[in-house]
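Below: final-v2.tsv (TSV, C-alpha atoms)
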chain	number	residue	atom	x	y	z
A	1	MET	CA	-108.58	-74.29	47.24
A	2	ARG	CA	-106.71	-72.01	49.63
A	3	LYS	CA	-104.50	-69.29	48.15
A	4	ASN	CA	-101.38	-70.57	49.93
A	5	SER	CA	-101.99	-74.05	48.42
A	6	ARG	CA	-101.79	-72.92	44.79
A	7	ARG	CA	-99.30	-74.58	42.44
A	8	LEU	CA	-97.02	-72.07	40.76
A	9	LEU	CA	-95.49	-72.60	37.34
A	10	ARG	CA	-93.02	-69.90	36.38
A	11	LEU	CA	-92.30	-69.69	32.67
A	12	THR	CA	-89.52	-67.15	33.16
A	13	ALA	CA	-88.01	-67.43	29.68
A	14	SER	CA	-91.33	-66.35	28.20
A	15	GLY	CA	-92.17	-63.78	30.91
A	16	VAL	CA	-95.36	-65.63	31.93
A	17	VAL	CA	-96.16	-66.71	35.49
A	18	LYS	CA	-98.94	-69.31	35.71
A	19	GLU	CA	-100.66	-70.02	39.02
A	20	ALA	CA	-103.11	-72.93	39.34
A	21	LEU	CA	-106.45	-71.97	40.92
A	22	THR	CA	-107.86	-75.52	40.90
A	23	PRO	CA	-106.68	-78.60	42.80
A	24	ALA	CA	-104.46	-81.15	41.05
A	25	ASP	CA	-107.05	-83.94	41.33
A	26	LYS	CA	-109.07	-85.25	38.39
A	27	GLY	CA	-111.45	-82.88	36.66
A	28	GLN	CA	-112.38	-81.63	33.21
A	29	LEU	CA	-111.49	-77.97	33.83
A	30	GLU	CA	-108.32	-76.24	34.89
A	31	LEU	CA	-108.36	-72.63	36.08
A	32	TYR	CA	-105.25	-70.43	36.21
A	33	GLU	CA	-104.24	-66.87	36.90
A	34	LEU	CA	-101.61	-65.76	34.41
A	35	THR	CA	-99.37	-62.76	34.90
A	36	LEU	CA	-97.72	-61.60	31.69
A	37	ASN	CA	-94.82	-59.21	32.06
A	38	PRO	CA	-94.33	-56.62	29.30
A	39	GLY	CA	-93.37	-58.46	26.11
A	40	ALA	CA	-94.26	-61.88	27.57
A	41	SER	CA	-95.69	-64.57	25.28
A	42	SER	CA	-96.81	-68.17	25.07
A	43	GLY	CA	-93.98	-68.74	22.57
A	44	THR	CA	-93.36	-68.33	18.86
A	45	ASP	CA	-95.37	-71.32	17.66
A	46	PHE	CA	-99.13	-71.66	17.40
A	47	LEU	CA	-100.67	-74.31	19.67
A	48	GLN	CA	-103.49	-76.56	18.53
A	49	HIS	CA	-105.21	-79.44	20.37
A	50	THR	CA	-108.59	-80.75	21.45
A	51	GLY	CA	-110.61	-78.99	24.16
A	52	GLU	CA	-111.73	-75.44	24.77
A	53	LYS	CA	-110.22	-72.32	26.34
A	54	ALA	CA	-111.78	-69.24	27.90
A	55	GLY	CA	-110.58	-66.30	29.91
A	56	TYR	CA	-111.14	-62.91	31.48
A	57	ILE	CA	-108.68	-60.01	31.44
A	58	LEU	CA	-108.32	-58.68	35.00
A	59	SER	CA	-105.82	-55.92	34.20
A	60	GLY	CA	-103.55	-54.80	31.39
A	61	SER	CA	-103.80	-56.09	27.82
A	62	LEU	CA	-103.59	-59.49	26.15
A	63	ARG	CA	-103.12	-60.00	22.43
A	64	LEU	CA	-104.75	-63.31	21.55
A	65	TRP	CA	-103.81	-64.78	18.17
A	66	LEU	CA	-106.44	-67.11	16.70
A	67	ASP	CA	-105.60	-68.62	13.31
A	68	ASN	CA	-103.15	-65.78	12.47
A	69	GLN	CA	-105.65	-63.06	13.44
A	70	ALA	CA	-104.75	-60.80	16.38
A	71	HIS	CA	-107.35	-59.73	18.95
A	72	LEU	CA	-106.21	-57.09	21.46
A	73	LEU	CA	-108.17	-57.58	24.68
A	74	GLU	CA	-108.28	-55.06	27.54
A	75	ALA	CA	-109.25	-55.28	31.22
A	76	GLY	CA	-112.88	-56.40	31.47
A	77	ASP	CA	-112.85	-58.25	28.12
A	78	SER	CA	-113.31	-62.01	27.91
A	79	PHE	CA	-112.85	-64.78	25.33
A	80	ARG	CA	-113.70	-68.40	24.52
A	81	PHE	CA	-112.54	-70.57	21.61
A	82	PRO	CA	-112.11	-74.23	20.61
A	83	SER	CA	-108.48	-75.21	21.24
A	84	ILE	CA	-108.33	-76.87	17.82
A	85	VAL	CA	-108.01	-73.33	16.39
A	86	PRO	CA	-104.29	-72.49	16.11
A	87	HIS	CA	-103.59	-70.04	18.94
A	88	MET	CA	-100.96	-68.18	20.92
A	89	PHE	CA	-100.88	-65.03	23.05
A	90	ASP	CA	-98.63	-62.19	24.15
A	91	ASN	CA	-98.52	-58.90	26.01
A	92	PRO	CA	-97.44	-56.22	23.52
A	93	THR	CA	-97.57	-53.39	26.10
A	94	GLN	CA	-95.22	-51.93	28.70
A	95	GLN	CA	-97.61	-52.83	31.54
A	96	ALA	CA	-98.04	-56.25	33.18
A	97	ALA	CA	-101.29	-58.07	32.43
A	98	ARG	CA	-103.30	-60.43	34.67
A	99	VAL	CA	-105.65	-62.96	33.11
A	100	ILE	CA	-107.97	-65.66	34.46
A	101	TRP	CA	-107.45	-68.60	32.08
A	102	VAL	CA	-109.74	-71.64	31.84
A	103	THR	CA	-108.96	-74.75	29.82
A	104	THR	CA	-110.54	-78.16	29.37
A	105	LEU	CA	-108.19	-81.09	29.36
A	106	ARG	CA	-106.98	-82.54	26.09
A	107	GLN	CA	-108.14	-86.06	25.35
A	108	THR	CA	-104.71	-87.49	26.24
A	109	ASP	CA	-104.04	-85.20	29.23
A	110	SER	CA	-104.24	-86.13	32.84
A	111	PRO	CA	-104.63	-83.42	35.49
A	112	ALA	CA	-101.41	-81.64	36.42
A	113	GLY	CA	-99.81	-82.87	39.58
Just dump the structure as structure tokens.
Amino acid sequence: MRKNSRRLLRLTASGVVKEALTPADKGQLELYELTLNPGASSGTDFLQHTGEKAGYILSGSLRLWLDNQAHLLEAGDSFRFPSIVPHMFDNPTQQAARVIWVTTLRQTDSPAG
């Protein structure tokens, strides 16, 4: 997929910018680059669903909450977890963070279009 063909989803209220790195056609994996501005978050509620998530911190810091336990990840760190575990994330620092984010589709999902 060419860089200028990427789908961009701005979540401005939360301070997260999500850029699709995979085409919108059918597949089991979706790959994104997330930019989290200082104080940005996935929201105030824990998410929980089928599938799996993984990622790699390119720069900055990401605080990943898994089942009410916080894990502060720095550039070069990576993660993977079953999406059934209650989860959310944020950037508690004053520096923007960039993260490669991988997710498998939920059972009821269809690829984003």
If we count all atoms listed in the file and set the cut-off at 12 Å, which residues sit around range 39-43 of chain A, ignoring sequence neighbours fewer than 4 positions away in its own chain? Please answer as a CSV table (one decimal) with C-alpha atoms, in the frame of the given file.
chain,number,residue,atom,x,y,z
A,10,ARG,CA,-93.0,-69.9,36.4
A,11,LEU,CA,-92.3,-69.7,32.7
A,12,THR,CA,-89.5,-67.2,33.2
A,13,ALA,CA,-88.0,-67.4,29.7
A,14,SER,CA,-91.3,-66.4,28.2
A,15,GLY,CA,-92.2,-63.8,30.9
A,16,VAL,CA,-95.4,-65.6,31.9
A,17,VAL,CA,-96.2,-66.7,35.5
A,18,LYS,CA,-98.9,-69.3,35.7
A,34,LEU,CA,-101.6,-65.8,34.4
A,35,THR,CA,-99.4,-62.8,34.9
A,47,LEU,CA,-100.7,-74.3,19.7
A,61,SER,CA,-103.8,-56.1,27.8
A,62,LEU,CA,-103.6,-59.5,26.2
A,63,ARG,CA,-103.1,-60.0,22.4
A,64,LEU,CA,-104.8,-63.3,21.6
A,65,TRP,CA,-103.8,-64.8,18.2
A,87,HIS,CA,-103.6,-70.0,18.9
A,88,MET,CA,-101.0,-68.2,20.9
A,89,PHE,CA,-100.9,-65.0,23.0
A,90,ASP,CA,-98.6,-62.2,24.2
A,91,ASN,CA,-98.5,-58.9,26.0
A,92,PRO,CA,-97.4,-56.2,23.5
A,93,THR,CA,-97.6,-53.4,26.1
A,94,GLN,CA,-95.2,-51.9,28.7
A,95,GLN,CA,-97.6,-52.8,31.5
A,96,ALA,CA,-98.0,-56.2,33.2
A,97,ALA,CA,-101.3,-58.1,32.4
A,98,ARG,CA,-103.3,-60.4,34.7
* What's the 12 Å shell around Pro23 in chain A, counting only C-alpha atoms, without same-chain residues fewer than 4 positions away, as a list in words? ->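 The residues satisfying every condition are Met1, Arg2, Lys3, Asn4, Ser5, Arg6, Arg7, Leu8, Glu19, Gly27, Gln28, Leu29, Glu30, Leu31, Tyr32, Pro111, Ala112 and Gly113 of chain A.
Relative to CA of Lys26 in chain A, CA of Asp45 in chain A is found at 28.5 Å.
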* Asked: Between CA of Gln48 in chain A and CA of Arg80 in chain A, what is the spacing in Å?
  ->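 If I compute the distance from CA of Arg80 in chain A to CA of Gln48 in chain A, I get 14.4 Å.
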* Surrounding residues of Glu74 in chain A excluding itself and chain neighbours under 2 positions, 8 Å, only C-alpha atoms, as a PyMOL selection string -> chain A and resi 57+59-62+72+76-77
* Between CA of Asn37 in chain A and CA of Thr50 in chain A, what is the spacing in Å? ->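 CA of Asn37 in chain A lies at a distance of 27.7 Å from CA of Thr50 in chain A.
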Could N, CA and C atoms be built for range 68-79 of chain A and written out as a CSV table (one decimal), in the frame of the given file?
chain,number,residue,atom,x,y,z
A,68,ASN,N,-103.9,-66.9,13.1
A,68,ASN,CA,-103.2,-65.8,12.5
A,68,ASN,C,-103.9,-64.4,12.5
A,69,GLN,N,-105.0,-64.3,13.3
A,69,GLN,CA,-105.6,-63.1,13.4
A,69,GLN,C,-105.5,-62.6,14.9
A,70,ALA,N,-105.0,-61.4,15.0
A,70,ALA,CA,-104.8,-60.8,16.4
A,70,ALA,C,-106.0,-60.1,16.9
A,71,HIS,N,-106.2,-60.4,18.2
A,71,HIS,CA,-107.4,-59.7,19.0
A,71,HIS,C,-106.8,-59.1,20.2
A,72,LEU,N,-106.8,-57.8,20.3
A,72,LEU,CA,-106.2,-57.1,21.5
A,72,LEU,C,-107.3,-56.9,22.5
A,73,LEU,N,-107.2,-57.6,23.6
A,73,LEU,CA,-108.2,-57.6,24.7
A,73,LEU,C,-107.7,-56.7,25.8
A,74,GLU,N,-108.6,-56.0,26.4
A,74,GLU,CA,-108.3,-55.1,27.5
A,74,GLU,C,-109.0,-55.5,28.8
A,75,ALA,N,-108.6,-54.9,29.9
A,75,ALA,CA,-109.2,-55.3,31.2
A,75,ALA,C,-110.8,-55.2,31.1
A,76,GLY,N,-111.4,-56.3,31.6
A,76,GLY,CA,-112.9,-56.4,31.5
A,76,GLY,C,-113.4,-57.2,30.3
A,77,ASP,N,-112.5,-57.4,29.3
A,77,ASP,CA,-112.8,-58.2,28.1
A,77,ASP,C,-112.7,-59.7,28.5
A,78,SER,N,-113.4,-60.6,27.7
A,78,SER,CA,-113.3,-62.0,27.9
A,78,SER,C,-113.3,-62.7,26.6
A,79,PHE,N,-113.0,-64.0,26.6
A,79,PHE,CA,-112.8,-64.8,25.3
A,79,PHE,C,-113.2,-66.2,25.6
